Every structure is written in structure tokens, then in C-alpha cells.
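> model31.csv is reproduced in full below (CSV, C-alpha atoms).
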chain,number,residue,atom,x,y,z
A,436,MET,CA,74.2,-23.9,44.4
A,437,GLU,CA,71.7,-22.4,46.8
A,438,ALA,CA,68.9,-20.2,45.4
A,439,PRO,CA,69.1,-16.5,46.4
A,440,LEU,CA,67.0,-15.6,49.4
A,441,VAL,CA,63.8,-13.7,48.4
A,442,LEU,CA,62.0,-11.9,51.1
A,443,PRO,CA,58.2,-11.9,51.1
A,444,LEU,CA,56.5,-8.7,50.1
A,445,PRO,CA,55.3,-7.7,53.6
A,446,ALA,CA,58.9,-8.1,55.0
A,447,LEU,CA,60.1,-5.6,52.3
A,448,LEU,CA,57.1,-3.3,52.5
A,449,LEU,CA,56.7,-2.7,56.2
A,450,PRO,CA,60.2,-1.3,56.8
A,451,LEU,CA,59.9,0.9,53.7
A,452,VAL,CA,56.6,2.3,54.9
A,453,ALA,CA,58.2,3.1,58.3
A,454,LEU,CA,61.1,4.8,56.5
A,455,GLY,CA,58.7,6.7,54.2
A,456,TYR,CA,56.8,8.0,57.2
A,457,LEU,CA,60.0,9.1,59.0
A,458,SER,CA,61.3,10.8,55.9
A,459,GLY,CA,58.0,12.5,55.3
A,460,SER,CA,57.8,13.8,58.8
A,461,TRP,CA,60.8,16.1,58.2
A,462,LEU,CA,59.1,19.4,57.6
A,463,GLY,CA,61.2,21.3,55.2
A,464,ALA,CA,59.6,24.7,56.1
A,465,LEU,CA,60.7,24.5,59.7
A,466,SER,CA,64.3,23.6,58.9
A,467,VAL,CA,64.6,26.2,56.2
A,468,CYS,CA,63.1,29.0,58.3
A,469,ARG,CA,65.2,28.0,61.3
A,470,LEU,CA,68.4,28.1,59.3
A,471,ALA,CA,67.4,31.4,57.8
A,472,GLY,CA,66.7,32.8,61.2
A,473,VAL,CA,63.2,33.9,60.3
A,474,GLU,CA,59.8,33.4,62.0
A,475,ASP,CA,58.2,29.9,62.3
A,476,PRO,CA,55.7,29.7,59.4
A,477,ARG,CA,53.2,28.1,61.7
A,478,LEU,CA,52.9,31.5,63.5
A,479,ALA,CA,51.9,33.6,60.5
A,480,GLY,CA,49.9,33.6,57.2
A,481,SER,CA,47.8,30.5,57.0
A,482,PHE,CA,49.8,28.9,59.9
A,483,ASN,CA,50.7,26.0,57.6
A,484,PRO,CA,54.3,24.6,57.6
A,485,GLY,CA,54.5,24.3,53.8
A,486,PHE,CA,55.8,25.8,50.6
A,487,SER,CA,52.9,28.1,49.9
A,488,ASN,CA,52.8,29.7,53.3
A,489,VAL,CA,56.6,30.2,53.3
A,490,LEU,CA,56.1,31.9,50.0
A,491,ARG,CA,53.4,34.1,51.5
A,492,VAL,CA,55.3,35.0,54.6
A,493,HIS,CA,59.0,34.9,53.7
A,494,GLY,CA,59.2,35.2,49.9
A,495,PRO,CA,60.3,33.0,46.9
A,496,ARG,CA,63.8,32.2,48.0
A,497,LEU,CA,62.9,30.4,51.2
A,498,ALA,CA,59.8,29.0,49.5
A,499,LEU,CA,61.9,27.4,46.8
A,500,ALA,CA,64.2,25.9,49.4
A,501,THR,CA,61.2,24.5,51.2
A,502,LEU,CA,59.8,23.0,48.0
A,503,LEU,CA,63.1,21.3,47.2
A,504,VAL,CA,63.3,19.7,50.7
A,505,ASP,CA,59.7,18.6,50.8
A,506,ALA,CA,59.8,17.2,47.2
A,507,ALA,CA,63.2,15.4,47.7
A,508,LYS,CA,62.8,13.9,51.1
A,509,GLY,CA,60.9,10.9,50.0
A,510,VAL,CA,63.0,10.2,46.9
A,511,PRO,CA,65.5,7.8,48.5
A,512,VAL,CA,63.0,5.4,50.0
A,513,LEU,CA,60.9,5.4,46.8
A,514,LEU,CA,63.9,4.6,44.7
A,515,LEU,CA,64.7,1.8,47.1
A,516,ALA,CA,61.1,0.4,46.7
A,517,ILE,CA,61.5,0.5,42.9
A,518,LEU,CA,65.0,-1.1,43.0
A,519,LEU,CA,63.6,-3.9,45.2
A,520,GLY,CA,61.0,-4.6,42.6
A,521,LEU,CA,57.9,-3.7,44.5
A,522,PRO,CA,54.7,-3.6,42.4
A,523,PRO,CA,53.1,-0.2,41.6
A,524,TRP,CA,50.5,-0.5,44.4
A,525,ALA,CA,53.2,-1.2,47.0
A,526,GLN,CA,55.3,1.7,45.7
A,527,GLY,CA,52.2,3.8,46.2
A,528,VAL,CA,51.8,2.6,49.8
A,529,VAL,CA,55.4,3.8,50.5
A,530,GLY,CA,54.6,7.1,48.8
A,531,LEU,CA,51.4,7.5,50.8
A,532,ALA,CA,53.5,6.9,54.0
A,533,VAL,CA,55.7,9.8,53.0
A,534,LEU,CA,52.6,12.0,52.5
A,535,LEU,CA,51.1,10.9,55.8
A,536,GLY,CA,54.4,11.6,57.6
A,537,HIS,CA,54.4,15.1,56.1
A,538,SER,CA,50.7,15.7,57.0
A,539,TYR,CA,50.6,14.1,60.4
A,540,PRO,CA,54.2,14.1,61.9
A,541,LEU,CA,54.3,12.5,65.3
A,542,TRP,CA,57.1,14.9,66.4
A,543,HIS,CA,54.9,17.9,65.8
A,544,ARG,CA,51.7,16.7,67.5
A,545,PHE,CA,50.4,15.5,64.1
A,546,ARG,CA,50.2,19.0,62.8
A,547,GLY,CA,52.0,19.0,59.4
A,548,GLY,CA,51.6,20.5,55.9
A,549,LYS,CA,49.1,20.0,53.1
A,550,ALA,CA,51.3,17.4,51.3
A,551,VAL,CA,51.2,19.2,47.9
A,552,ALA,CA,55.0,19.6,47.5
A,553,SER,CA,55.6,16.2,49.0
A,554,ALA,CA,53.0,14.7,46.6
A,555,PHE,CA,54.9,16.4,43.7
A,556,GLY,CA,58.1,14.7,44.8
A,557,VAL,CA,56.6,11.3,45.2
A,558,MET,CA,54.9,11.5,41.8
A,559,LEU,CA,58.0,12.8,40.2
A,560,VAL,CA,59.6,9.4,41.1
A,561,LEU,CA,56.6,7.2,40.4
A,562,THR,CA,54.8,9.1,37.6
A,563,PRO,CA,57.0,11.9,36.4
A,564,GLY,CA,54.8,12.9,33.5
A,565,VAL,CA,51.8,13.3,35.8
A,566,ALA,CA,53.9,15.3,38.3
A,567,LEU,CA,55.1,17.7,35.6
A,568,VAL,CA,51.7,18.3,34.2
A,569,CYS,CA,50.2,19.0,37.6
A,570,ALA,CA,53.1,21.2,38.6
A,571,ALA,CA,52.6,23.3,35.4
A,572,LEU,CA,48.9,23.5,36.1
A,573,TRP,CA,49.6,24.6,39.7
A,574,ALA,CA,52.0,27.3,38.6
A,575,LEU,CA,49.6,28.6,36.0
A,576,LEU,CA,46.7,28.8,38.4
A,577,ALA,CA,48.8,30.3,41.2
A,578,TRP,CA,49.9,33.0,38.8
A,579,ARG,CA,46.4,33.7,37.5
A,580,VAL,CA,44.3,33.3,40.6
A,581,ARG,CA,46.9,34.2,43.2
A,582,THR,CA,45.5,31.6,45.6
A,583,ALA,CA,47.5,28.6,46.5
A,584,ALA,CA,44.5,26.5,47.7
A,585,VAL,CA,42.7,26.9,44.4
A,586,ALA,CA,45.9,25.9,42.5
A,587,SER,CA,46.5,22.9,44.8
A,588,LEU,CA,42.9,21.7,44.7
A,589,VAL,CA,42.6,21.9,40.9
A,590,SER,CA,45.9,20.3,40.2
A,591,ALA,CA,45.2,17.5,42.7
A,592,ALA,CA,41.9,16.8,41.1
A,593,ALA,CA,43.5,16.7,37.7
A,594,ALA,CA,46.1,14.2,38.7
A,595,PRO,CA,44.0,11.0,38.4
A,596,LEU,CA,42.8,12.0,34.9
A,597,THR,CA,46.3,12.7,33.9
A,598,SER,CA,47.4,9.4,35.3
A,599,LEU,CA,44.8,7.6,33.2
A,600,TRP,CA,46.6,9.0,30.2
A,601,LEU,CA,50.3,8.9,31.2
A,602,ALA,CA,50.6,6.3,33.9
A,603,PRO,CA,47.6,3.9,34.0
A,604,ASP,CA,49.3,1.4,36.3
A,605,TYR,CA,49.4,4.0,39.0
A,606,VAL,CA,45.8,5.4,38.8
A,607,VAL,CA,44.7,3.9,42.1
A,608,VAL,CA,47.9,5.2,43.7
A,609,VAL,CA,47.4,8.7,42.4
A,610,ILE,CA,43.7,8.7,43.5
A,611,ALA,CA,44.9,7.9,47.0
A,612,PHE,CA,47.3,10.8,46.9
A,613,THR,CA,44.6,13.1,45.6
A,614,LEU,CA,42.2,12.1,48.3
A,615,LEU,CA,44.7,12.9,51.0
A,616,VAL,CA,45.6,16.3,49.5
A,617,LEU,CA,41.8,17.2,49.3
A,618,LEU,CA,41.3,16.0,52.9
A,619,ARG,CA,44.1,18.3,54.0
A,620,HIS,CA,42.5,21.2,52.3
A,621,LEU,CA,39.0,21.0,53.9
A,622,LEU,CA,39.6,24.1,55.9
A,623,ASN,CA,40.8,25.9,52.8
A,624,ILE,CA,37.7,24.9,51.0
A,625,GLN,CA,35.6,26.4,53.8
A,626,ARG,CA,37.6,29.6,53.7
A,627,LEU,CA,37.2,29.8,49.9
A,628,GLY,CA,33.5,29.5,50.4
A,629,ARG,CA,33.5,32.4,52.9
A,630,GLY,CA,35.9,34.4,50.7
A,631,ASP,CA,38.6,34.8,53.3
A,632,GLU,CA,41.3,32.4,52.0
A,633,PRO,CA,44.6,34.3,52.3
A,634,PRO,CA,46.2,35.1,48.9
A,635,LEU,CA,49.8,34.4,47.9
Reformat the file's structure so that it appears as C-alpha cells.

Amino acid sequence: MEAPLVLPLPALLLPLVALGYLSGSWLGALSVCRLAGVEDPRLAGSFNPGFSNVLRVHGPRLALATLLVDAAKGVPVLLLAILLGLPPWAQGVVGLAVLLGHSYPLWHRFRGGKAVASAFGVMLVLTPGVALVCAALWALLAWRVRTAAVASLVSAAAAPLTSLWLAPDYVVVVIAFTLLVLLRHLLNIQRLGRGDEPPL
């Protein structure tokens, strides 16, 4: 009886990374706003094609739809990575590809979103406890401070510490996600310093 064929890790990982990037590059905000027949979110508010700007410009109904798309789009490829038995670091690489696709989509001249909703979806698969804690923190801060950037920055910074507690095998992965989210918010940090960051 022949032994089952086991593909080496790179042969499994590279196609999943490509699929992760492709799925991440689907910007939910653009699809939702086009279907609803409303203005492109890149033309108003903070000019960002993401959940918080759709909330700012078009209200909670379309923002919720955007959040669902951006959070869910990476789930199939991440579940596949888990089913194929990839180790946590490799699952994280696939998740990072999803976030990079969202942040730097080739089809939109590398001008994407801030990766917060997509990071929530990725972590909901890989580290569900961390994702839920950070989402609760984001919602609390957004309600109290009324500024999406503050909520996103604080919840992203809290993710590695929460991972140490709830998902220690994924700490390095979560740190990589956090660094990308912080990088994508550099302009927001500058605007916060000047006091002209648009509120929710």
C-alpha cells in the first residue's frame, strides 16, 4: 500500500497566500456602496474605503454590511489553512496576506482600507477570544470617544497583550497584524496630533 502524498509546506503555503491576497483585495465598502447606489466612500469623509468611513458617510446599515464583507472575505482561505494542518505561524502568514490585499489591492492602485475589519475577521478564525475582546474594546471607545482612529489604535495595541493571555501560540502573528494596522493609521495619528481627525 502506497503512503499518502504529503505536500511540503511551501507548496501548500504559497497558493494559500495568493488566495489570501486575492480575497483580501475585495473591498467590501466599494461593493456595498455600489449595490446601494450611493457615493463612493473614497470621495467623502476620510476618503477611506472601510467600515468606519462608510459609517461616517452613509450610516450604520451600510457600515454593518461593509463590516460583514470585510470580516468574512478571508474566512474560507483561513479555514483551508487550518484544515490542511498549517502551523500557527503559517496560518498567520495567510492571514497577513488577507490584510495586505485589503490594505494594498493591486486592482485599486494599492489604495485600500485600514485593515481593522479584516483583521477582526482573520483573528475571529485564528484567535476568536482575542478578536472578541478587541471588538468590545473598539466598540466601547468608539462610543465614548466618537473617533474611529482612536478606537482602532487602542484595540490594535491591546491585541498582542490579549493574545499572550488567550492565544499564546499566535502572539507573533497578532503582533504582525497590529504593526500593519498601526502603519495604516500613520496619517490618522498625525491628524489626531493636529486635532483635525474626522469624528464618527
> So that I can check the surroundings of Ala574 (chain A), please list as a ChimeraX atom specification every protein, DNA and RNA residue that reaches within 10 Å of it, counting all atoms listed in the file and ignoring chain neighbours fewer than 3 positions away.
/A:569-571,577-581,583,586-587,590
> Near Thr613 (chain A), within 12 Å and counting all atoms listed in the file, which residues show up once chain neighbours fewer than 5 positions away are dropped, as an MDAnalysis selection string?
chainID A and resid 531 534 549:551 553:555 558 569 587:598 606:608 618:620
> Let me make sure I understand: among A:Leu465, A:Ala471, A:Val452, A:Ala552, which one has the smallest atom-to-atom distance to Leu513 (chain A) if we use all atoms listed in the file?
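Looking at the shortest contact to Leu513 (chain A), the residue is A:Val452.
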> Quote the spacing between CA of Asp505 (chain A) and CA of Leu462 (chain A) in Å to one decimal place.
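The value is 6.9 Å.
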> Compare A:Gly459, A:Leu478, A:Val585, A:Leu499 by their minimum atom-to-atom distance to Leu621 (chain A), counting all atoms listed in the file, and give me the closest one.
A:Val585
> Of the candidates A:Tyr456, A:Trp461, A:Trp542, A:Tyr605, which one gets nearest to Val565 (chain A) if we count all atoms listed in the file?
A:Tyr605
> So that I can look at just that part, could you write region 451-482 of chain A with N, CA, C and O atoms, as an mmCIF file, in the first residue's frame?

data_model
loop_
_atom_site.group_PDB
_atom_site.id
_atom_site.type_symbol
_atom_site.label_atom_id
_atom_site.label_comp_id
_atom_site.auth_asym_id
_atom_site.auth_seq_id
_atom_site.Cartn_x
_atom_site.Cartn_y
_atom_site.Cartn_z
ATOM 1 N N LEU A 451 -1.994 29.415 -0.897
ATOM 2 C CA LEU A 451 -2.911 29.977 0.099
ATOM 3 C C LEU A 451 -2.633 31.460 0.322
ATOM 4 O O LEU A 451 -3.556 32.248 0.535
ATOM 5 N N VAL A 452 -1.370 31.848 0.283
ATOM 6 C CA VAL A 452 -1.017 33.263 0.403
ATOM 7 C C VAL A 452 -1.604 34.051 -0.769
ATOM 8 O O VAL A 452 -2.170 35.138 -0.598
ATOM 9 N N ALA A 453 -1.474 33.485 -1.978
ATOM 10 C CA ALA A 453 -2.041 34.150 -3.161
ATOM 11 C C ALA A 453 -3.563 34.272 -3.035
ATOM 12 O O ALA A 453 -4.141 35.335 -3.319
ATOM 13 N N LEU A 454 -4.214 33.193 -2.590
ATOM 14 C CA LEU A 454 -5.667 33.238 -2.400
ATOM 15 C C LEU A 454 -6.057 34.243 -1.314
ATOM 16 O O LEU A 454 -7.064 34.938 -1.424
ATOM 17 N N GLY A 455 -5.228 34.303 -0.258
ATOM 18 C CA GLY A 455 -5.484 35.259 0.813
ATOM 19 C C GLY A 455 -5.423 36.691 0.312
ATOM 20 O O GLY A 455 -6.297 37.506 0.624
ATOM 21 N N TYR A 456 -4.395 36.988 -0.485
ATOM 22 C CA TYR A 456 -4.274 38.343 -1.027
ATOM 23 C C TYR A 456 -5.454 38.669 -1.936
ATOM 24 O O TYR A 456 -6.035 39.765 -1.852
ATOM 25 N N LEU A 457 -5.824 37.723 -2.794
ATOM 26 C CA LEU A 457 -6.937 37.960 -3.717
ATOM 27 C C LEU A 457 -8.247 38.186 -2.967
ATOM 28 O O LEU A 457 -9.017 39.088 -3.311
ATOM 29 N N SER A 458 -8.506 37.374 -1.965
ATOM 30 C CA SER A 458 -9.743 37.545 -1.208
ATOM 31 C C SER A 458 -9.721 38.849 -0.422
ATOM 32 O O SER A 458 -10.738 39.554 -0.336
ATOM 33 N N GLY A 459 -8.562 39.201 0.120
ATOM 34 C CA GLY A 459 -8.460 40.446 0.870
ATOM 35 C C GLY A 459 -8.643 41.677 0.014
ATOM 36 O O GLY A 459 -9.121 42.718 0.489
ATOM 37 N N SER A 460 -8.271 41.586 -1.270
ATOM 38 C CA SER A 460 -8.329 42.758 -2.145
ATOM 39 C C SER A 460 -9.751 43.100 -2.594
ATOM 40 O O SER A 460 -9.951 44.108 -3.285
ATOM 41 N N TRP A 461 -10.723 42.262 -2.228
ATOM 42 C CA TRP A 461 -12.126 42.610 -2.460
ATOM 43 C C TRP A 461 -12.536 43.610 -1.379
ATOM 44 O O TRP A 461 -12.675 43.265 -0.206
ATOM 45 N N LEU A 462 -12.715 44.873 -1.766
ATOM 46 C CA LEU A 462 -13.058 45.919 -0.808
ATOM 47 C C LEU A 462 -14.573 45.965 -0.615
ATOM 48 O O LEU A 462 -15.317 46.396 -1.496
ATOM 49 N N GLY A 463 -15.001 45.511 0.545
ATOM 50 C CA GLY A 463 -16.427 45.434 0.817
ATOM 51 C C GLY A 463 -17.138 46.768 0.702
ATOM 52 O O GLY A 463 -18.285 46.837 0.245
ATOM 53 N N ALA A 464 -16.467 47.847 1.116
ATOM 54 C CA ALA A 464 -17.098 49.168 1.084
ATOM 55 C C ALA A 464 -17.509 49.554 -0.328
ATOM 56 O O ALA A 464 -18.590 50.127 -0.533
ATOM 57 N N LEU A 465 -16.667 49.249 -1.312
ATOM 58 C CA LEU A 465 -16.979 49.623 -2.692
ATOM 59 C C LEU A 465 -18.165 48.825 -3.214
ATOM 60 O O LEU A 465 -19.073 49.389 -3.846
ATOM 61 N N SER A 466 -18.177 47.521 -2.961
ATOM 62 C CA SER A 466 -19.284 46.687 -3.435
ATOM 63 C C SER A 466 -20.601 47.084 -2.782
ATOM 64 O O SER A 466 -21.638 47.194 -3.454
ATOM 65 N N VAL A 467 -20.569 47.291 -1.466
ATOM 66 C CA VAL A 467 -21.790 47.633 -0.742
ATOM 67 C C VAL A 467 -22.350 48.965 -1.225
ATOM 68 O O VAL A 467 -23.558 49.098 -1.475
ATOM 69 N N CYS A 468 -21.486 49.966 -1.381
ATOM 70 C CA CYS A 468 -21.958 51.289 -1.789
ATOM 71 C C CYS A 468 -22.453 51.291 -3.239
ATOM 72 O O CYS A 468 -23.432 51.975 -3.569
ATOM 73 N N ARG A 469 -21.801 50.504 -4.092
ATOM 74 C CA ARG A 469 -22.283 50.412 -5.473
ATOM 75 C C ARG A 469 -23.652 49.752 -5.527
ATOM 76 O O ARG A 469 -24.551 50.215 -6.249
ATOM 77 N N LEU A 470 -23.815 48.676 -4.784
ATOM 78 C CA LEU A 470 -25.110 47.990 -4.774
ATOM 79 C C LEU A 470 -26.218 48.881 -4.208
ATOM 80 O O LEU A 470 -27.371 48.803 -4.637
ATOM 81 N N ALA A 471 -25.849 49.721 -3.244
ATOM 82 C CA ALA A 471 -26.841 50.605 -2.633
ATOM 83 C C ALA A 471 -27.085 51.861 -3.465
ATOM 84 O O ALA A 471 -28.007 52.633 -3.165
ATOM 85 N N GLY A 472 -26.248 52.087 -4.481
ATOM 86 C CA GLY A 472 -26.416 53.252 -5.335
ATOM 87 C C GLY A 472 -26.039 54.563 -4.672
ATOM 88 O O GLY A 472 -26.612 55.615 -4.989
ATOM 89 N N VAL A 473 -25.062 54.505 -3.735
ATOM 90 C CA VAL A 473 -24.640 55.723 -3.035
ATOM 91 C C VAL A 473 -23.204 56.069 -3.430
ATOM 92 O O VAL A 473 -22.512 55.310 -4.109
ATOM 93 N N GLU A 474 -22.761 57.214 -2.963
ATOM 94 C CA GLU A 474 -21.452 57.746 -3.340
ATOM 95 C C GLU A 474 -20.311 56.834 -2.896
ATOM 96 O O GLU A 474 -20.356 56.227 -1.824
ATOM 97 N N ASP A 475 -19.285 56.742 -3.728
ATOM 98 C CA ASP A 475 -18.061 56.008 -3.409
ATOM 99 C C ASP A 475 -17.470 56.587 -2.117
ATOM 100 O O ASP A 475 -17.237 57.800 -2.027
ATOM 101 N N PRO A 476 -17.219 55.754 -1.093
ATOM 102 C CA PRO A 476 -16.696 56.287 0.177
ATOM 103 C C PRO A 476 -15.303 56.885 0.054
ATOM 104 O O PRO A 476 -14.863 57.608 0.955
ATOM 105 N N ARG A 477 -14.621 56.620 -1.061
ATOM 106 C CA ARG A 477 -13.301 57.215 -1.256
ATOM 107 C C ARG A 477 -13.376 58.677 -1.668
ATOM 108 O O ARG A 477 -12.346 59.344 -1.802
ATOM 109 N N LEU A 478 -14.594 59.190 -1.848
ATOM 110 C CA LEU A 478 -14.785 60.570 -2.289
ATOM 111 C C LEU A 478 -15.326 61.472 -1.175
ATOM 112 O O LEU A 478 -15.620 62.643 -1.431
ATOM 113 N N ALA A 479 -15.462 60.942 0.032
ATOM 114 C CA ALA A 479 -16.043 61.737 1.122
ATOM 115 C C ALA A 479 -15.474 61.289 2.456
ATOM 116 O O ALA A 479 -14.796 60.257 2.549
ATOM 117 N N GLY A 480 -15.752 62.076 3.495
ATOM 118 C CA GLY A 480 -15.295 61.724 4.836
ATOM 119 C C GLY A 480 -13.786 61.689 4.927
ATOM 120 O O GLY A 480 -13.098 62.649 4.577
ATOM 121 N N SER A 481 -13.267 60.556 5.378
ATOM 122 C CA SER A 481 -11.807 60.372 5.464
ATOM 123 C C SER A 481 -11.231 59.813 4.174
ATOM 124 O O SER A 481 -10.030 59.547 4.103
ATOM 125 N N PHE A 482 -12.102 59.586 3.168
ATOM 126 C CA PHE A 482 -11.708 59.061 1.853
ATOM 127 C C PHE A 482 -11.168 57.631 1.927
ATOM 128 O O PHE A 482 -10.483 57.171 1.023
#
